[in-house]
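With TSV, C-alpha atoms inside, this is structure_35.tsv:
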```
chain	number	residue	atom	x	y	z
A	1	MET	CA	51.23	7.36	4.36
A	2	LEU	CA	51.56	4.73	1.65
A	3	ARG	CA	50.02	6.20	-1.51
A	4	ALA	CA	49.64	4.46	-4.84
A	5	MET	CA	50.05	7.14	-7.54
A	6	GLY	CA	49.45	7.03	-11.29
A	7	GLY	CA	52.14	6.67	-13.94
A	8	ARG	CA	52.88	10.37	-14.60
A	9	SER	CA	53.04	11.37	-10.96
A	10	ALA	CA	55.34	8.40	-10.24
A	11	GLN	CA	57.76	9.64	-12.94
A	12	ALA	CA	57.68	13.11	-11.44
A	13	ALA	CA	58.46	11.60	-8.05
A	14	ARG	CA	61.38	9.72	-9.56
A	15	LEU	CA	62.72	12.94	-11.09
A	16	LEU	CA	62.55	14.70	-7.75
A	17	ALA	CA	64.16	11.79	-5.84
A	18	PRO	CA	67.93	11.13	-5.93
A	19	ARG	CA	69.08	9.26	-9.00
A	20	SER	CA	70.75	6.25	-7.37
A	21	ALA	CA	68.44	5.43	-4.43
A	22	VAL	CA	64.76	4.63	-4.68
A	23	LEU	CA	61.98	6.37	-2.75
A	24	VAL	CA	61.22	5.23	0.78
A	25	GLU	CA	57.46	5.59	0.20
A	26	THR	CA	55.99	2.59	-1.63
A	27	VAL	CA	54.54	3.64	-4.98
A	28	ARG	CA	52.87	1.15	-7.26
A	29	GLY	CA	54.52	0.70	-10.63
A	30	ARG	CA	57.46	2.94	-9.81
A	31	LYS	CA	59.90	1.11	-12.07
A	32	SER	CA	59.55	1.71	-15.78
A	33	ARG	CA	61.19	-0.24	-18.66
A	34	ASN	CA	64.66	1.26	-18.48
A	35	ASP	CA	65.17	1.04	-14.70
A	36	PRO	CA	67.73	-1.58	-13.59
A	37	VAL	CA	66.52	-4.83	-12.07
A	38	ALA	CA	66.86	-5.16	-8.28
A	39	LYS	CA	69.83	-7.22	-6.98
A	40	SER	CA	67.63	-9.80	-5.32
A	41	LYS	CA	65.71	-10.39	-8.56
A	42	GLU	CA	68.62	-10.57	-10.98
A	43	GLY	CA	68.39	-14.15	-12.21
A	44	ARG	CA	64.66	-14.52	-11.68
A	45	ILE	CA	62.58	-16.30	-14.28
A	46	LYS	CA	58.88	-15.90	-13.73
A	47	VAL	CA	57.06	-19.22	-13.99
A	48	PRO	CA	53.30	-19.74	-13.81
A	49	PRO	CA	51.98	-21.83	-10.95
A	50	PRO	CA	52.33	-25.60	-11.57
A	51	VAL	CA	49.33	-27.35	-13.10
A	52	ASP	CA	48.22	-30.76	-11.88
A	53	PRO	CA	47.04	-32.65	-15.01
A	54	VAL	CA	44.55	-34.82	-13.14
A	55	GLU	CA	43.11	-31.82	-11.40
A	56	MET	CA	43.12	-29.94	-14.73
A	57	VAL	CA	41.03	-32.62	-16.42
A	58	VAL	CA	38.57	-32.62	-13.57
A	59	MET	CA	38.52	-28.80	-13.60
A	60	LYS	CA	37.89	-28.65	-17.34
A	61	GLN	CA	34.96	-31.00	-17.01
A	62	ARG	CA	33.58	-29.10	-14.05
A	63	PHE	CA	33.93	-25.76	-15.80
A	64	GLY	CA	32.26	-27.11	-18.93
A	65	GLU	CA	29.30	-28.27	-16.87
A	66	TYR	CA	29.19	-24.99	-14.97
A	67	GLN	CA	29.21	-22.88	-18.11
A	68	MET	CA	26.53	-25.01	-19.70
A	69	ILE	CA	24.27	-24.57	-16.68
A	70	LEU	CA	25.01	-20.85	-16.57
A	71	LYS	CA	24.19	-20.45	-20.26
A	72	ALA	CA	20.89	-22.22	-19.72
A	73	LEU	CA	20.15	-20.00	-16.70
A	74	ARG	CA	20.98	-16.86	-18.64
A	75	LEU	CA	18.63	-17.83	-21.45
A	76	GLU	CA	15.89	-18.57	-18.92
A	77	PHE	CA	16.31	-15.21	-17.29
A	78	ARG	CA	16.34	-13.46	-20.65
A	79	GLU	CA	13.10	-15.17	-21.55
A	80	GLU	CA	11.56	-14.14	-18.26
A	81	VAL	CA	12.58	-10.52	-18.77
A	82	LEU	CA	11.10	-10.50	-22.26
A	83	ARG	CA	7.92	-12.15	-21.06
A	84	ARG	CA	7.52	-9.60	-18.29
A	85	LYS	CA	8.04	-6.75	-20.73
A	86	TYR	CA	5.50	-8.29	-23.11
A	87	GLU	CA	2.99	-8.75	-20.30
A	88	GLU	CA	3.56	-5.18	-19.22
A	89	GLU	CA	2.92	-3.82	-22.68
A	90	THR	CA	0.33	-6.11	-24.24
A	91	GLY	CA	-0.97	-8.24	-21.37
A	92	SER	CA	-4.53	-8.45	-20.08
A	93	LEU	CA	-3.83	-6.01	-17.25
A	94	ALA	CA	-2.35	-3.55	-19.72
A	95	GLU	CA	-5.47	-3.80	-21.90
A	96	GLU	CA	-7.72	-3.18	-18.93
A	97	ARG	CA	-5.64	-0.23	-17.88
A	98	ALA	CA	-5.75	1.19	-21.41
A	99	ARG	CA	-9.52	0.70	-21.55
A	100	GLN	CA	-9.99	2.40	-18.20
A	101	ASP	CA	-7.78	5.28	-19.27
A	102	ALA	CA	-9.77	5.71	-22.48
A	103	GLU	CA	-13.07	5.65	-20.59
A	104	GLU	CA	-11.78	8.14	-18.08
A	105	HIS	CA	-10.63	10.36	-20.90
A	106	ARG	CA	-14.02	10.19	-22.61
A	107	ALA	CA	-15.86	10.96	-19.38
A	108	LEU	CA	-13.61	13.90	-18.69
A	109	MET	CA	-14.04	15.21	-22.22
A	110	THR	CA	-17.83	15.05	-21.96
A	111	TRP	CA	-17.70	16.77	-18.61
A	112	ASN	CA	-15.47	19.41	-20.12
A	113	ASP	CA	-17.91	19.96	-22.98
A	114	GLU	CA	-20.80	20.30	-20.57
A	115	GLU	CA	-18.84	22.77	-18.52
A	116	ASN	CA	-18.07	24.75	-21.66
A	117	VAL	CA	-21.76	24.87	-22.61
A	118	ARG	CA	-22.75	25.95	-19.13
A	119	MET	CA	-20.13	28.67	-19.06
A	120	LEU	CA	-21.27	29.78	-22.48
A	121	ASN	CA	-24.84	30.14	-21.24
A	122	VAL	CA	-23.75	32.02	-18.17
A	123	ARG	CA	-21.64	34.30	-20.30
A	124	MET	CA	-24.52	34.94	-22.69
A	125	MET	CA	-26.84	35.79	-19.82
A	126	ARG	CA	-24.29	38.13	-18.36
A	127	ILE	CA	-23.71	39.87	-21.67
A	128	GLN	CA	-27.47	40.21	-22.20
A	129	ARG	CA	-27.93	41.70	-18.80
A	130	GLU	CA	-25.08	44.09	-19.37
A	131	ASN	CA	-26.54	45.17	-22.70
A	132	GLU	CA	-29.91	45.80	-21.12
A	133	GLU	CA	-28.28	47.75	-18.34
A	134	ALA	CA	-26.41	49.85	-20.85
A	135	GLU	CA	-29.54	50.57	-22.82
A	136	ARG	CA	-31.46	51.50	-19.71
A	137	ASN	CA	-28.65	53.78	-18.62
A	138	LYS	CA	-28.61	55.39	-22.03
A	139	LEU	CA	-32.34	55.99	-21.93
A	140	GLU	CA	-32.14	57.37	-18.46
A	141	ALA	CA	-29.31	59.64	-19.44
A	142	ALA	CA	-31.33	60.89	-22.41
A	143	LEU	CA	-34.32	61.54	-20.18
A	144	GLN	CA	-32.12	63.30	-17.70
A	145	ARG	CA	-30.67	65.47	-20.38
A	146	GLU	CA	-34.16	66.28	-21.68
A	147	GLN	CA	-35.31	67.17	-18.20
A	148	GLU	CA	-32.34	69.38	-17.61
A	149	GLN	CA	-32.90	71.12	-20.87
A	150	GLN	CA	-36.51	71.72	-19.97
A	151	GLU	CA	-35.60	73.08	-16.60
A	152	PHE	CA	-33.02	75.35	-18.13
A	153	ILE	CA	-35.58	76.69	-20.53
A	154	LYS	CA	-38.05	77.23	-17.72
A	155	GLU	CA	-35.46	79.04	-15.66
A	156	ARG	CA	-34.68	81.37	-18.50
A	157	GLU	CA	-38.36	82.02	-19.14
A	158	ARG	CA	-38.85	82.84	-15.47
A	159	GLU	CA	-35.98	85.27	-15.62
A	160	ILE	CA	-37.42	86.86	-18.70
A	161	LEU	CA	-40.80	87.30	-17.03
A	162	GLN	CA	-39.12	88.70	-13.95
A	163	LEU	CA	-37.23	91.13	-16.11
A	164	GLN	CA	-40.39	92.09	-17.95
A	165	GLU	CA	-42.07	92.79	-14.66
A	166	ASP	CA	-39.11	94.79	-13.46
A	167	ALA	CA	-39.06	96.73	-16.68
A	168	LYS	CA	-42.35	98.33	-15.66
A	169	ASN	CA	-40.56	100.06	-12.80
A	170	PHE	CA	-37.54	101.23	-14.79
A	171	ILE	CA	-36.68	104.81	-15.03
A	172	THR	CA	-36.88	106.01	-18.66
A	173	LEU	CA	-36.38	109.38	-20.24
A	174	GLU	CA	-40.10	110.16	-20.03
A	175	ASN	CA	-40.32	109.14	-16.33
A	176	LEU	CA	-37.12	110.84	-15.35
A	177	ASP	CA	-38.61	114.18	-14.26
A	178	GLN	CA	-41.60	112.49	-12.62
A	179	ARG	CA	-39.45	110.06	-10.63
A	180	ILE	CA	-37.05	112.76	-9.49
A	181	GLU	CA	-39.93	114.87	-8.24
A	182	GLU	CA	-41.40	111.84	-6.49
A	183	VAL	CA	-38.17	111.06	-4.71
A	184	LEU	CA	-37.57	114.61	-3.70
A	185	ASP	CA	-41.09	114.83	-2.32
A	186	LYS	CA	-40.73	111.74	-0.08
A	187	PRO	CA	-37.54	111.78	1.95
A	188	LYS	CA	-36.71	108.38	3.42
A	189	ASN	CA	-35.20	107.99	6.83
A	190	TYR	CA	-32.56	105.25	7.02
A	191	ASN	CA	-31.41	106.05	10.53
A	192	PHE	CA	-32.22	103.29	13.00
A	193	ALA	CA	-30.49	101.40	15.77
A	194	VAL	CA	-30.60	97.69	16.59
A	195	ASP	CA	-30.52	96.21	20.05
A	196	LYS	CA	-28.67	93.01	20.92
A	197	GLU	CA	-32.01	91.29	21.19
A	198	GLY	CA	-32.89	92.55	17.71
A	199	ARG	CA	-35.32	95.31	18.62
A	200	VAL	CA	-35.21	98.05	16.09
A	201	VAL	CA	-35.23	101.61	17.39
A	202	LYS	CA	-36.16	104.41	15.05
A	203	GLN	CA	-35.94	107.59	17.02
A	204	THR	CA	-33.96	109.90	14.79
A	205	VAL	CA	-36.11	112.42	12.97
A	206	LEU	CA	-35.21	113.50	9.45
A	207	GLN	CA	-34.85	117.22	8.85
B	1	MET	CA	8.46	14.35	-22.15
B	2	VAL	CA	11.79	12.68	-22.95
B	3	HIS	CA	12.98	10.34	-20.19
B	4	LEU	CA	15.82	12.45	-18.86
B	5	SER	CA	17.83	9.75	-17.06
B	6	SER	CA	18.61	7.92	-20.31
B	7	LEU	CA	19.99	11.16	-21.72
B	8	LEU	CA	22.03	11.80	-18.59
B	9	LEU	CA	23.50	8.26	-18.47
B	10	LYS	CA	26.98	8.26	-19.93
B	11	LYS	CA	27.34	6.56	-23.30
B	12	TYR	CA	29.98	3.84	-23.28
B	13	HIS	CA	31.33	2.52	-26.56
B	14	GLY	CA	31.34	-1.25	-26.29
B	15	GLY	CA	30.67	-1.11	-22.55
B	16	TYR	CA	28.75	-3.78	-20.72
B	17	VAL	CA	27.12	-4.18	-17.36
B	18	VAL	CA	28.79	-6.19	-14.60
B	19	ILE	CA	27.59	-7.41	-11.24
B	20	ARG	CA	30.51	-6.95	-8.88
B	21	LEU	CA	31.58	-6.11	-5.35
B	22	ALA	CA	32.17	-2.44	-4.59
B	23	LEU	CA	33.64	-1.18	-1.35
B	24	ALA	CA	31.00	0.77	0.54
B	25	GLY	CA	32.53	4.08	1.51
B	26	HIS	CA	32.63	3.64	5.29
B	27	LYS	CA	36.19	5.04	5.44
B	28	GLN	CA	37.27	2.81	8.33
B	29	ALA	CA	40.71	1.27	8.17
B	30	ASN	CA	40.80	-2.56	8.29
B	31	ARG	CA	37.01	-2.86	8.19
B	32	PRO	CA	35.84	-3.53	4.65
B	33	PHE	CA	32.20	-3.86	3.63
B	34	TYR	CA	31.11	-4.64	0.09
B	35	ARG	CA	28.02	-3.79	-1.86
B	36	ILE	CA	26.92	-6.16	-4.61
B	37	VAL	CA	26.24	-3.75	-7.40
B	38	ALA	CA	25.23	-3.64	-11.07
B	39	ALA	CA	27.46	-1.08	-12.80
B	40	TYR	CA	29.06	-0.38	-16.15
B	41	ASN	CA	32.37	-2.10	-16.69
B	42	LYS	CA	34.35	1.11	-17.27
B	43	ARG	CA	33.21	2.81	-14.07
B	44	ALA	CA	35.46	3.04	-11.01
B	45	ARG	CA	35.00	0.22	-8.54
B	46	ASP	CA	33.34	2.47	-5.97
B	47	GLY	CA	31.92	4.91	-8.49
B	48	LYS	CA	28.41	5.52	-9.75
B	49	TYR	CA	26.46	2.29	-10.15
B	50	MET	CA	23.15	1.54	-11.76
B	51	GLU	CA	21.56	-0.46	-8.96
B	52	GLN	CA	22.54	-2.08	-5.67
B	53	LEU	CA	21.69	-5.78	-5.58
B	54	GLY	CA	22.93	-6.77	-2.16
B	55	THR	CA	25.72	-6.64	0.40
B	56	TYR	CA	28.63	-8.78	1.54
B	57	ASP	CA	30.43	-8.53	4.86
B	58	PRO	CA	33.82	-10.28	4.60
B	59	LEU	CA	34.57	-10.30	8.33
B	60	PRO	CA	32.75	-12.97	10.36
B	61	ASN	CA	30.44	-11.81	13.13
B	62	THR	CA	30.15	-12.95	16.74
B	63	HIS	CA	28.47	-16.23	15.66
B	64	ASN	CA	31.27	-16.84	13.13
B	65	GLU	CA	29.00	-16.13	10.15
B	66	LYS	CA	29.74	-14.03	7.09
B	67	LEU	CA	26.52	-12.23	6.15
B	68	VAL	CA	25.46	-11.85	2.53
B	69	SER	CA	22.26	-10.32	1.20
B	70	LEU	CA	21.06	-10.80	-2.39
B	71	ASN	CA	18.10	-9.35	-4.30
B	72	PHE	CA	17.34	-12.37	-6.51
B	73	ASP	CA	14.55	-10.70	-8.48
B	74	ARG	CA	16.72	-7.83	-9.64
B	75	ILE	CA	19.75	-10.09	-10.18
B	76	LYS	CA	17.56	-12.18	-12.51
B	77	TYR	CA	16.55	-9.03	-14.34
B	78	TRP	CA	20.11	-7.82	-14.83
B	79	ILE	CA	21.42	-11.21	-15.95
B	80	GLY	CA	18.49	-11.36	-18.34
B	81	CYS	CA	19.59	-7.96	-19.67
B	82	GLY	CA	23.10	-9.35	-20.24
B	83	ALA	CA	25.15	-8.51	-17.14
B	84	HIS	CA	28.29	-10.51	-16.32
B	85	PRO	CA	28.93	-11.46	-12.71
B	86	THR	CA	32.52	-11.41	-11.49
B	87	LYS	CA	34.26	-14.47	-10.03
B	88	SER	CA	33.61	-13.51	-6.40
B	89	VAL	CA	29.98	-12.71	-7.07
B	90	ALA	CA	29.59	-15.97	-8.97
B	91	LYS	CA	31.09	-17.84	-6.03
B	92	LEU	CA	28.73	-16.13	-3.59
B	93	LEU	CA	25.74	-16.88	-5.77
B	94	GLY	CA	26.88	-20.49	-6.08
B	95	LEU	CA	27.16	-20.83	-2.31
B	96	SER	CA	23.70	-19.29	-1.90
B	97	GLY	CA	22.16	-21.85	-4.27
B	98	PHE	CA	20.98	-19.42	-6.93
B	99	PHE	CA	23.75	-20.55	-9.32
B	100	PRO	CA	25.38	-23.96	-9.51
B	101	LEU	CA	28.37	-24.29	-7.17
B	102	HIS	CA	31.46	-22.65	-8.69
B	103	PRO	CA	34.20	-25.17	-9.68
B	104	MET	CA	36.85	-23.08	-7.94
B	105	THR	CA	34.97	-23.36	-4.64
B	106	VAL	CA	35.04	-27.12	-4.91
B	107	THR	CA	38.67	-27.15	-6.04
B	108	GLU	CA	39.76	-24.84	-3.25
B	109	ALA	CA	37.99	-27.02	-0.71
B	110	GLU	CA	39.64	-30.15	-2.12
B	111	ARG	CA	43.07	-28.54	-2.08
B	112	ARG	CA	42.62	-27.38	1.49
B	113	ARG	CA	41.50	-30.84	2.55
B	114	ALA	CA	44.49	-32.41	0.81
B	115	ARG	CA	46.85	-30.00	2.56
B	116	LEU	CA	45.22	-30.73	5.93
B	117	GLN	CA	45.56	-34.45	5.38
B	118	GLN	CA	49.17	-34.00	4.37
B	119	THR	CA	49.97	-32.04	7.51
B	120	GLU	CA	48.07	-34.61	9.60
B	121	THR	CA	50.03	-37.50	8.12
B	122	ALA	CA	53.25	-35.52	8.50
B	123	THR	CA	52.56	-34.78	12.18
B	124	GLY	CA	51.39	-38.38	12.63
B	125	THR	CA	54.66	-39.72	11.22
B	126	GLU	CA	56.61	-37.15	13.25
B	127	ASP	CA	54.83	-38.19	16.41
B	128	LYS	CA	55.45	-41.84	15.61
B	129	GLN	CA	59.09	-41.04	14.95
B	130	GLU	CA	59.34	-39.14	18.23
B	131	GLU	CA	57.67	-42.00	20.09
B	132	GLY	CA	60.01	-44.46	18.43
B	133	GLN	CA	62.98	-42.31	19.43
B	134	LYS	CA	61.76	-42.01	23.00
B	135	GLN	CA	61.22	-45.76	23.22
B	136	ALA	CA	64.67	-46.30	21.76
B	137	GLU	CA	66.16	-43.88	24.27
B	138	VAL	CA	64.21	-45.52	27.09
```
Can the structure in the file be given as structure tokens, please?
Amino acid sequence: MLRAMGGRSAQAARLLAPRSAVLVETVRGRKSRNDPVAKSKEGRIKVPPPVDPVEMVVMKQRFGEYQMILKALRLEFREEVLRRKYEEETGSLAEERARQDAEEHRALMTWNDEENVRMLNVRMMRIQRENEEAERNKLEAALQREQEQQEFIKEREREILQLQEDAKNFITLENLDQRIEEVLDKPKNYNFAVDKEGRVVKQTVLQ
Amino acid sequence: MVHLSSLLLKKYHGGYVVIRLALAGHKQANRPFYRIVAAYNKRARDGKYMEQLGTYDPLPNTHNEKLVSLNFDRIKYWIGCGAHPTKSVAKLLGLSGFFPLHPMTVTEAERRRARLQQTETATGTEDKQEEGQKQAEV
């Protein structure tokens, strides 16, 4: 319910509220410079709390002591912080750590180099093998091609021979009359019947 | 790699670090609980702090004790880095023994004792007066 608002929002609230009365809700700092003083506070003079001189002397001394001790403590703590930082950066432990890190780095680098060499060898072997494979394939392909060529030639030669042999039985202009007379003299009978079992029956007689 | 948190920390012009009490956000009416916290001076009381250094419970518990916890190692670090403790935190530290006892603690105690003695003497004189009156009446 009771909200403490900032300066601007308090002024806005004052504008909204009726001019004479003040807001029921308590708002911190709701009176600005030009607002009239409340009736109960008309003749008020603000005075600081009374100071006991004896107590003040004692307090001054006590505070002086206190601040001196605090200053000393602060310097001590500062020194400790700096010392810790120094130890952290350039102490014996830090040196050992740095040395160990360097050694680890060197070991790792050597291992890396060895790995590189090994991989290089493996790669070289692989490439060599691949080259050999390729060459072998090439040779084989060449052989294959040669063989195929040879076979092709042989096939053609066979065909030629076959044709030559067939040529002996060709009908030419000189043989024409002879072959016609031969055929006319020997009539061939193509009439035959075949059983389901494959027995051929030639019973028809040519006339 | 650049340390990102130092880039993300807000830059304050002329700001300094304080060790102070911040209300822990328990959101319970009439039950406060403070965190002793190292924060920048300009930050809100309950806003983002740099490190928590302890707690303070202002209400006494069932054994009539007010519990305070303090992380002395980190408090030393922050004071070494130039943090200022507030009056309440200084008083708490003084009571714990880490700092010398705060003068205001002593003064408050003396004032309270003086007031007690005053009231005692006043009641003593009143009682004596009453007794005298009764005797007179009798």
Counting all atoms listed in the file, collect the residues of chain B whose closest atom lies at most 12 Å from chain A, and write them out as a ChimeraX atom specification.
/B:72-85,90-91,93-94,98-108,110-111
Would you give the centre and edge lengths, in Å to one decimal, of a box along x, y and z around the listed atoms of stretch 98-110 of chain B, with 5 Å added to each side, as AutoDock Vina command-line options?
```
--center_x 30.4 --center_y -24.8 --center_z -5.2 --size_x 28.8 --size_y 20.7 --size_z 19.0
```
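Reported to one decimal place, the separation of atom CA of A:Val183 from atom CA of A:Phe170 is 14.1 Å.
Computed from the coordinates, the atom CA of B:Tyr16 to atom CA of B:Val68 distance equals 24.8 Å.
Non-sequential neighbours of stretch 31-37 of chain B (distance at most 9 Å, separation of 3 or more positions within a chain, all atoms listed in the file) are B:Val18, B:Ile19, B:Arg20, B:Leu21, B:Ala22, B:Leu23, B:Ala24, B:Gly25, B:His26, B:Lys27, B:Gln28, B:Tyr49, B:Met50, B:Glu51, B:Gln52, B:Leu53, B:Gly54, B:Thr55, B:Tyr56, B:Asp57, B:Pro58, B:Leu59, B:Ser69, B:Leu70, B:Val89.
When atom CA of A:Lys85 is paired with atom CA of B:Asn71, their separation reads 19.4 Å.
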Counting all atoms listed in the file, write as a list in words all protein and nucleic acid residues lying at most 12 Å from (-35.7, 109.1, 9.0) in the file's frame.
Lys186, Pro187, Lys188, Asn189, Tyr190, Asn191, Phe192, Ala193, Val201, Lys202, Gln203, Thr204, Val205, Leu206 and Gln207 of chain A
Kindly reconstruct stretch 137-153 of chain A with N, CA, C and O atoms and present the result as a short mmCIF file (atom, residue, chain, number, x, y, z; two decimals), in the coordinates of the input.
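File selection11.cif, as written:
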```
data_model
loop_
_atom_site.label_atom_id
_atom_site.label_comp_id
_atom_site.auth_asym_id
_atom_site.auth_seq_id
_atom_site.Cartn_x
_atom_site.Cartn_y
_atom_site.Cartn_z
N ASN A 137 -29.44 52.62 -19.04
CA ASN A 137 -28.65 53.78 -18.62
C ASN A 137 -28.69 54.87 -19.67
O ASN A 137 -28.83 56.05 -19.37
N LYS A 138 -28.58 54.41 -20.95
CA LYS A 138 -28.61 55.39 -22.03
C LYS A 138 -29.93 56.16 -22.03
O LYS A 138 -29.97 57.40 -22.12
N LEU A 139 -31.02 55.35 -21.91
CA LEU A 139 -32.34 55.99 -21.93
C LEU A 139 -32.48 56.98 -20.79
O LEU A 139 -32.95 58.12 -20.95
N GLU A 140 -32.04 56.50 -19.62
CA GLU A 140 -32.14 57.37 -18.46
C GLU A 140 -31.33 58.65 -18.64
O GLU A 140 -31.79 59.75 -18.28
N ALA A 141 -30.16 58.47 -19.21
CA ALA A 141 -29.31 59.64 -19.44
C ALA A 141 -30.00 60.61 -20.38
O ALA A 141 -30.00 61.84 -20.16
N ALA A 142 -30.62 60.02 -21.43
CA ALA A 142 -31.33 60.89 -22.41
C ALA A 142 -32.47 61.64 -21.70
O ALA A 142 -32.63 62.86 -21.88
N LEU A 143 -33.22 60.90 -20.92
CA LEU A 143 -34.32 61.54 -20.18
C LEU A 143 -33.81 62.67 -19.30
O LEU A 143 -34.37 63.78 -19.26
N GLN A 144 -32.71 62.32 -18.61
CA GLN A 144 -32.12 63.30 -17.70
C GLN A 144 -31.75 64.57 -18.45
O GLN A 144 -32.03 65.70 -17.99
N ARG A 145 -31.11 64.32 -19.59
CA ARG A 145 -30.67 65.47 -20.38
C ARG A 145 -31.88 66.31 -20.80
O ARG A 145 -31.85 67.55 -20.74
N GLU A 146 -32.92 65.58 -21.25
CA GLU A 146 -34.16 66.28 -21.68
C GLU A 146 -34.70 67.13 -20.54
O GLU A 146 -35.03 68.32 -20.71
N GLN A 147 -34.77 66.47 -19.36
CA GLN A 147 -35.31 67.17 -18.20
C GLN A 147 -34.49 68.42 -17.89
O GLN A 147 -35.04 69.50 -17.63
N GLU A 148 -33.20 68.24 -17.93
CA GLU A 148 -32.34 69.38 -17.61
C GLU A 148 -32.54 70.51 -18.60
O GLU A 148 -32.61 71.71 -18.22
N GLN A 149 -32.67 70.09 -19.86
CA GLN A 149 -32.90 71.12 -20.87
C GLN A 149 -34.19 71.90 -20.58
O GLN A 149 -34.22 73.14 -20.63
N GLN A 150 -35.21 71.09 -20.26
CA GLN A 150 -36.51 71.72 -19.97
C GLN A 150 -36.40 72.67 -18.81
O GLN A 150 -36.87 73.82 -18.85
N GLU A 151 -35.72 72.24 -17.78
CA GLU A 151 -35.60 73.08 -16.60
C GLU A 151 -34.84 74.36 -16.93
O GLU A 151 -35.17 75.45 -16.44
N PHE A 152 -33.82 74.20 -17.71
CA PHE A 152 -33.02 75.35 -18.13
C PHE A 152 -33.90 76.36 -18.85
O PHE A 152 -33.86 77.58 -18.56
N ILE A 153 -34.71 75.80 -19.77
CA ILE A 153 -35.58 76.69 -20.53
C ILE A 153 -36.54 77.41 -19.58
O ILE A 153 -36.76 78.64 -19.68
#
```
